[in-house]
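Since the structure comes first, as structure tokens, the remarks are kept for the end.
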Amino acid sequence: MAPTSSAVAGQLRQIVYYHLDNISYDNALFFAERLAANDPRSSESPYLLALCHFRLGDYQSAYEISKAVGYRGTNISCSYIFAQCCLVLEQYKDGIMALEKTKGLWSRKPSLGKHNAISRAQHPDAASIACLLGKLYRAYDDKKKAIANFEEALKSNPFMWDAFTALCDMGVTVRTSNIFKLNDILVESIGSDQQNGIQFDQKDSSATNPIETQPKKPSVRSAIFDANADPFDTQKYTSGSDILLGANMLGGQNDFMSKINAARSKTANSAIEFGVESMETPIANYNDSNIPRINYPLEPPQAPTRKTRNTQPVDPGLGEIPSKMGYRAGTKRTQRLQDRSQDDTLSESNPGLLRISAPTASGIERKRTVSGHLVQPRQQSEELGAPQRRSARINMHRGANVKANSGTSTVGASRELKKARPAISRNVRPNSSGSNVGRAVSGNRKPLEENGMDVDQAEAPRVKGIHPQPPAMKPVELESGKVEETLKFLLELLKKFGSGYFALSQYRCAEALAFYTSLPQVHQDTPWVLSQMGRAFYEQAAYADAEKCYRRLRILARTRLEDMEVYSTTLWFLKRETDLSFLAHELVELSWHSPQAWCAFGNAWSLARDHEQALRCFKRATQLNPKFAYAFTLQGHEHVANEEYEKALTAYRQAIGADRRHYNAYYGIGRVYEKLGNYDKAYIHFHSASIINPTNAVLICCIGNVLEKQRQIVQALQFFTKATELAPHAPQTRYKKARALLALNQLDEAQKELEILKTLAPDEATVHFLLGKLYKMLNDKGSAVRHFTIALNLDPKASQQIKEAIESLEDDDSFDDSMMV
């Protein structure tokens, strides 16, 4: 009979996901088309088909395929991939409307903990969708809604790094301590999902087959962690033990029954062998109708039933759970309590017995009680079968406790069993399960081992407060604690990254460098951190330090293109023509279609004073990425060098259109207006740039220059003083401050500044010329002549002005700054 359409569609979905996970996008696309043809009415078919096209970079096809379903907002995954295509294709409004329609379907609980090697979240969660919606609103130029969505994404999941960087890039003031902090929702989502990834949910295991709950988990692994659960809750382990029973009875029932009727020595050896097989044999075909499923009642079954139960091997992880908890607990309890002291002493003197696993002990117990061949235990005048059952259970309990405390896996348990086999001989086994070990429930032992005996349900509450019980639940508590501890560590680390990134976005470069240098060394030597530190040094005009960071970055990541335009500009300021040319050729060979590579090429031509070639390179960069604001700015600088001011203004405005916070473009426009003599507009644009970057000394100095040219010397001096505080080692700012002080006839302050300036720039002719002017005003003609002569030697081109200044020493000329332009 032909398979149903739903069965074929389900198998095709698995094939598509298989190829997507293995990055075989062409194969995934082929089978996604088969799925769409087989199941055209399903909303998942267009989603998978669009996803395959999106992964292959065919955004237009993905947009068209997902548009019908995604635009309606009925399938959240399809709407999500549709919105992603809209973001790439600049169809921002369509993407916004599609995601807004799906708000009722958003999963408010983060799905961060659901992503591991064997599981995936079915749909994107609210954090991912809100972040994408924020990107769409930002591109749509709706800043208010973009900020709201980015904030919502970070509240739900503080690991949404791109939402945080988007807020910083938009100039929003954020508090990293309020963003990167642990919240209960995050701990619950990650902790519960990670625990479910390694063990079954204990709340659901009483009603649901754990194998059905986690079909991809092997039973051996689940058994390891189930061994740590409450051993006295029988309902939790009913279905799991039934499955193990059926799986092992298929291959070993007849052989086991023949061993039951054999001699005592053969029975003991076969029990050990069967115990090993029960641990090492994988579970197979649980749905087979031939597999018997037996649920044991609390009351003791009849003898034939006990005989059938002898074939049941206990899972290694479930070893500490007695199979008959209420059996013979009433009349023999007093006798057991009297025998505790002797039993404990002997059980401790035989440590090898503790290495017997639960399946082995269980097998020994049942064979002896059914067969009745163990005669030696009856030497203590006890009933047949009862001491043997107690000894077997206490051995089973101890083996499980040793395993739980040592944290070994199932494979490790089987190895322990193999090591214990040579030590358990035919002579030792009857004694270990007879009169001595049969009473291994001493009053000196902890109550957990007592509960390994046959007890009724009335004793179960007393077990919860017993000493060995906390180690049974310890792995789950440790796992939850480790999850919370790990999250705190990562969030603290992210707080440092975020604080550094936010400080740099506000151009507080020294603060950003302090955060980045406080990171662990392994993170400081990563390309991203080195790039951020290089940019911080660059913004401080510390070009030598920036060059060191970028050089280190190039060693670690030769193929990295991000921020290489800043590196090339750094080399331009350092006049490293050879290094800049080599970098440009390397980047172009690496990626011909990279705008960063063409910016580096343009900077190389600019340093060689070939402005036309530089302009071609910068225009090529803007063609490759019309949103690349820095390329427009560099293009405007070249137009200024060619004195093409209108073209420069156009380029700068295009840069502002690409990035509203690109202060370099405002600075460029201010320079153009300053050259054109329009000081009011120049002041406006310089001031706009300084609002974005309030720590840039050059911008502050430019504002002072404009005010000085407008004869507002007092206001100009304030800006020059602020610029000097921001950059105390910058000669240009200190020179302009000294010049303003001289103009205001504040000679003492001017002399202090010039003395510092002479130390910073001893070979600058303008500095010595200004010193000559100062000493002329102080009537120190000798010092004035000396500094005028030094200036003449340093700059022969200005000989005419310097000679006129020397000749006018006898005159009371007013302050002349013709040399200090």
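Ordered as shown in the structure tokens, chains take letters A, B, and onward, while each chain numbers its residues from 1 and ligands are numbered from 1 in the order shown.
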Surrounding residues of Asp680 in chain A excluding itself and chain neighbours under 6 positions, 10 Å, only C-alpha atoms, as a ChimeraX atom specification = /A:670,673-674,686,706-707,710
Would you kindly return, as a VMD selection string, each protein, DNA or RNA residue with an atom no farther than 8 Å from any atom of Leu561 in chain A, considering only C-alpha atoms and excluding same-chain residues fewer than 6 positions away?
-> chain A and resid 587 594 596 to 597
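Here CA of Ala50 in chain A and CA of Ser156 in chain A stand 27.4 Å from one another.
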Find the residues near Arg41 in chain A: any atom within 12 Å, counting only C-alpha atoms, skip ones fewer than 6 places away on the same chain, and give them as a PyMOL selection string.
-> chain A and resi 5-6+9+35+47+68-69
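The closest residue to Ser591 in chain A, picked from A:Val566, A:Ala62, A:Leu624, A:Ala697 and counting only C-alpha atoms, is A:Leu624.
CA of Lys781 in chain A sits 16.9 Å away from CA of Val767 in chain A.
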So that I can see what lies close to Leu51 in chain A, please list as a JSON list (two decimals) with N, CA and C atoms, in the first residue's frame the residues with an atom at most 9 Å from it, counting only C-alpha atoms and leaving out residues fewer than 4 positions away in the same chain.
[["chain", "number", "residue", "atom", "x", "y", "z"],
["A", 29, "LEU", "N", 17.35, 22.71, -0.77],
["A", 29, "LEU", "CA", 16.44, 23.40, -1.68],
["A", 29, "LEU", "C", 15.72, 22.40, -2.59],
["A", 46, "PRO", "N", 6.18, 26.50, 2.42],
["A", 46, "PRO", "CA", 6.81, 27.72, 1.90],
["A", 46, "PRO", "C", 7.89, 28.28, 2.83],
["A", 47, "TYR", "N", 7.73, 28.04, 4.13],
["A", 47, "TYR", "CA", 8.78, 28.51, 5.06],
["A", 47, "TYR", "C", 10.10, 27.81, 4.78],
["A", 55, "ARG", "N", 19.19, 31.02, 2.73],
["A", 55, "ARG", "CA", 20.53, 30.53, 3.07],
["A", 55, "ARG", "C", 21.46, 30.56, 1.85],
["A", 56, "LEU", "N", 20.89, 30.39, 0.69],
["A", 56, "LEU", "CA", 21.70, 30.43, -0.53],
["A", 56, "LEU", "C", 21.95, 31.85, -1.02],
["A", 62, "ALA", "N", 13.30, 34.14, -1.93],
["A", 62, "ALA", "CA", 12.79, 33.88, -0.59],
["A", 62, "ALA", "C", 11.67, 34.85, -0.24],
["A", 66, "SER", "N", 7.83, 33.42, 0.52],
["A", 66, "SER", "CA", 7.28, 33.56, 1.87],
["A", 66, "SER", "C", 6.27, 34.69, 1.99],
["A", 78, "CYS", "N", 7.43, 31.61, 9.11],
["A", 78, "CYS", "CA", 7.38, 32.14, 7.75],
["A", 78, "CYS", "C", 7.40, 33.67, 7.76],
["A", 81, "ILE", "N", 11.11, 34.78, 8.42],
["A", 81, "ILE", "CA", 12.02, 34.71, 7.27],
["A", 81, "ILE", "C", 11.63, 35.75, 6.23]]
Neighbouring residues of Leu754 in chain A were defined as those with any atom within 12 Å, considering only C-alpha atoms; residues of the same chain fewer than 3 positions away were excluded. Please report them as a PDB file with N, CA and C atoms, in the first residue's frame.
ATOM      1  N   PRO A 731      50.218  69.458  20.230  1.00  0.00           N
ATOM      2  CA  PRO A 731      50.839  70.786  20.058  1.00  0.00           C
ATOM      3  C   PRO A 731      49.904  71.817  19.443  1.00  0.00           C
ATOM      4  N   GLN A 732      49.052  71.393  18.525  1.00  0.00           N
ATOM      5  CA  GLN A 732      48.210  72.343  17.805  1.00  0.00           C
ATOM      6  C   GLN A 732      47.245  73.062  18.740  1.00  0.00           C
ATOM      7  N   THR A 733      46.588  72.304  19.621  1.00  0.00           N
ATOM      8  CA  THR A 733      45.628  72.933  20.530  1.00  0.00           C
ATOM      9  C   THR A 733      46.334  73.864  21.521  1.00  0.00           C
ATOM     10  N   ARG A 734      47.468  73.459  22.016  1.00  0.00           N
ATOM     11  CA  ARG A 734      48.191  74.303  22.962  1.00  0.00           C
ATOM     12  C   ARG A 734      48.715  75.568  22.279  1.00  0.00           C
ATOM     13  N   TYR A 735      49.115  75.445  21.024  1.00  0.00           N
ATOM     14  CA  TYR A 735      49.584  76.607  20.265  1.00  0.00           C
ATOM     15  C   TYR A 735      48.467  77.639  20.097  1.00  0.00           C
ATOM     16  N   LYS A 736      47.252  77.153  19.784  1.00  0.00           N
ATOM     17  CA  LYS A 736      46.137  78.083  19.592  1.00  0.00           C
ATOM     18  C   LYS A 736      45.717  78.722  20.913  1.00  0.00           C
ATOM     19  N   LYS A 737      45.848  77.987  21.991  1.00  0.00           N
ATOM     20  CA  LYS A 737      45.544  78.586  23.289  1.00  0.00           C
ATOM     21  C   LYS A 737      46.555  79.689  23.619  1.00  0.00           C
ATOM     22  N   ALA A 738      47.844  79.413  23.355  1.00  0.00           N
ATOM     23  CA  ALA A 738      48.874  80.425  23.628  1.00  0.00           C
ATOM     24  C   ALA A 738      48.660  81.660  22.772  1.00  0.00           C
ATOM     25  N   ARG A 739      48.259  81.458  21.533  1.00  0.00           N
ATOM     26  CA  ARG A 739      48.010  82.599  20.658  1.00  0.00           C
ATOM     27  C   ARG A 739      46.845  83.446  21.160  1.00  0.00           C
ATOM     28  N   ALA A 740      45.776  82.790  21.658  1.00  0.00           N
ATOM     29  CA  ALA A 740      44.643  83.525  22.199  1.00  0.00           C
ATOM     30  C   ALA A 740      45.035  84.278  23.473  1.00  0.00           C
ATOM     31  N   LEU A 741      45.885  83.678  24.286  1.00  0.00           N
ATOM     32  CA  LEU A 741      46.343  84.352  25.493  1.00  0.00           C
ATOM     33  C   LEU A 741      47.169  85.604  25.162  1.00  0.00           C
ATOM     34  N   LEU A 742      47.994  85.493  24.130  1.00  0.00           N
ATOM     35  CA  LEU A 742      48.761  86.660  23.700  1.00  0.00           C
ATOM     36  C   LEU A 742      47.846  87.772  23.185  1.00  0.00           C
ATOM     37  N   LEU A 747      50.150  87.630  29.318  1.00  0.00           N
ATOM     38  CA  LEU A 747      51.497  87.223  28.927  1.00  0.00           C
ATOM     39  C   LEU A 747      52.053  86.095  29.792  1.00  0.00           C
ATOM     40  N   ASP A 748      51.769  86.134  31.079  1.00  0.00           N
ATOM     41  CA  ASP A 748      52.323  85.094  31.950  1.00  0.00           C
ATOM     42  C   ASP A 748      51.768  83.721  31.590  1.00  0.00           C
ATOM     43  N   GLU A 749      50.448  83.644  31.402  1.00  0.00           N
ATOM     44  CA  GLU A 749      49.837  82.375  31.007  1.00  0.00           C
ATOM     45  C   GLU A 749      50.328  81.938  29.629  1.00  0.00           C
ATOM     46  N   ALA A 750      50.506  82.913  28.728  1.00  0.00           N
ATOM     47  CA  ALA A 750      50.992  82.584  27.385  1.00  0.00           C
ATOM     48  C   ALA A 750      52.409  82.037  27.450  1.00  0.00           C
ATOM     49  N   GLN A 751      53.242  82.615  28.321  1.00  0.00           N
ATOM     50  CA  GLN A 751      54.617  82.132  28.418  1.00  0.00           C
ATOM     51  C   GLN A 751      54.666  80.700  28.943  1.00  0.00           C
ATOM     52  N   LEU A 757      54.935  74.125  25.049  1.00  0.00           N
ATOM     53  CA  LEU A 757      54.848  73.856  23.616  1.00  0.00           C
ATOM     54  C   LEU A 757      56.237  73.677  23.000  1.00  0.00           C
ATOM     55  N   LYS A 758      57.203  74.444  23.485  1.00  0.00           N
ATOM     56  CA  LYS A 758      58.566  74.311  22.967  1.00  0.00           C
ATOM     57  C   LYS A 758      59.138  72.928  23.270  1.00  0.00           C
ATOM     58  N   THR A 759      58.738  72.365  24.401  1.00  0.00           N
ATOM     59  CA  THR A 759      59.178  71.004  24.731  1.00  0.00           C
ATOM     60  C   THR A 759      58.479  69.984  23.843  1.00  0.00           C
ATOM     61  N   LEU A 760      57.193  70.204  23.563  1.00  0.00           N
ATOM     62  CA  LEU A 760      56.438  69.251  22.741  1.00  0.00           C
ATOM     63  C   LEU A 760      56.856  69.310  21.273  1.00  0.00           C
ATOM     64  N   ALA A 761      57.122  70.518  20.742  1.00  0.00           N
ATOM     65  CA  ALA A 761      57.454  70.683  19.322  1.00  0.00           C
ATOM     66  C   ALA A 761      58.647  71.623  19.196  1.00  0.00           C
ATOM     67  N   PRO A 762      59.841  71.150  19.480  1.00  0.00           N
ATOM     68  CA  PRO A 762      61.010  72.046  19.449  1.00  0.00           C
ATOM     69  C   PRO A 762      61.411  72.489  18.055  1.00  0.00           C
ATOM     70  N   GLU A 764      59.327  73.330  15.525  1.00  0.00           N
ATOM     71  CA  GLU A 764      58.260  74.044  14.832  1.00  0.00           C
ATOM     72  C   GLU A 764      58.611  75.536  14.742  1.00  0.00           C
ATOM     73  N   THR A 766      56.740  78.022  13.824  1.00  0.00           N
ATOM     74  CA  THR A 766      55.686  78.908  14.335  1.00  0.00           C
ATOM     75  C   THR A 766      55.774  79.069  15.846  1.00  0.00           C
ATOM     76  N   VAL A 767      56.222  78.038  16.527  1.00  0.00           N
ATOM     77  CA  VAL A 767      56.360  78.120  17.982  1.00  0.00           C
ATOM     78  C   VAL A 767      57.435  79.156  18.346  1.00  0.00           C
ATOM     79  N   HIS A 768      58.572  79.106  17.695  1.00  0.00           N
ATOM     80  CA  HIS A 768      59.645  80.045  17.987  1.00  0.00           C
ATOM     81  C   HIS A 768      59.269  81.466  17.538  1.00  0.00           C
ATOM     82  N   PHE A 769      58.528  81.572  16.459  1.00  0.00           N
ATOM     83  CA  PHE A 769      58.063  82.890  16.031  1.00  0.00           C
ATOM     84  C   PHE A 769      57.150  83.509  17.087  1.00  0.00           C
ATOM     85  N   LEU A 770      56.251  82.657  17.653  1.00  0.00           N
ATOM     86  CA  LEU A 770      55.342  83.150  18.685  1.00  0.00           C
ATOM     87  C   LEU A 770      56.103  83.503  19.965  1.00  0.00           C
ATOM     88  N   LEU A 771      57.136  82.750  20.269  1.00  0.00           N
ATOM     89  CA  LEU A 771      57.972  83.084  21.420  1.00  0.00           C
ATOM     90  C   LEU A 771      58.697  84.422  21.216  1.00  0.00           C
ATOM     91  N   GLY A 772      59.145  84.648  19.976  1.00  0.00           N
ATOM     92  CA  GLY A 772      59.755  85.948  19.675  1.00  0.00           C
ATOM     93  C   GLY A 772      58.790  87.090  19.891  1.00  0.00           C
ATOM     94  N   LYS A 773      57.537  86.914  19.478  1.00  0.00           N
ATOM     95  CA  LYS A 773      56.513  87.930  19.687  1.00  0.00           C
ATOM     96  C   LYS A 773      56.294  88.175  21.186  1.00  0.00           C
ATOM     97  N   LEU A 774      56.264  87.053  21.947  1.00  0.00           N
ATOM     98  CA  LEU A 774      56.057  87.173  23.385  1.00  0.00           C
ATOM     99  C   LEU A 774      57.178  87.983  24.047  1.00  0.00           C
ATOM    100  N   TYR A 775      58.441  87.655  23.722  1.00  0.00           N
ATOM    101  CA  TYR A 775      59.556  88.366  24.337  1.00  0.00           C
ATOM    102  C   TYR A 775      59.634  89.819  23.841  1.00  0.00           C
ATOM    103  N   HIS A 787      64.821  83.790  19.191  1.00  0.00           N
ATOM    104  CA  HIS A 787      63.736  82.912  18.722  1.00  0.00           C
ATOM    105  C   HIS A 787      63.326  83.258  17.288  1.00  0.00           C
TER     106      HIS A 787
END
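Using only C-alpha atoms, the contacts of Ala546 in chain A at a cut-off of 6 Å, with sequence neighbours closer than 6 positions omitted, comprise A:Gly534, A:Phe537, A:Tyr538.
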Which one of A:Lys93, A:Pro626, A:Ala682, A:Arg660 sits closest to Gly704 in chain A if you count only C-alpha atoms?
-> A:Ala682
In Å, with one decimal, what is the gap from CA of Asp39 in chain A to CA of Leu99 in chain A?
-> 24.7 Å
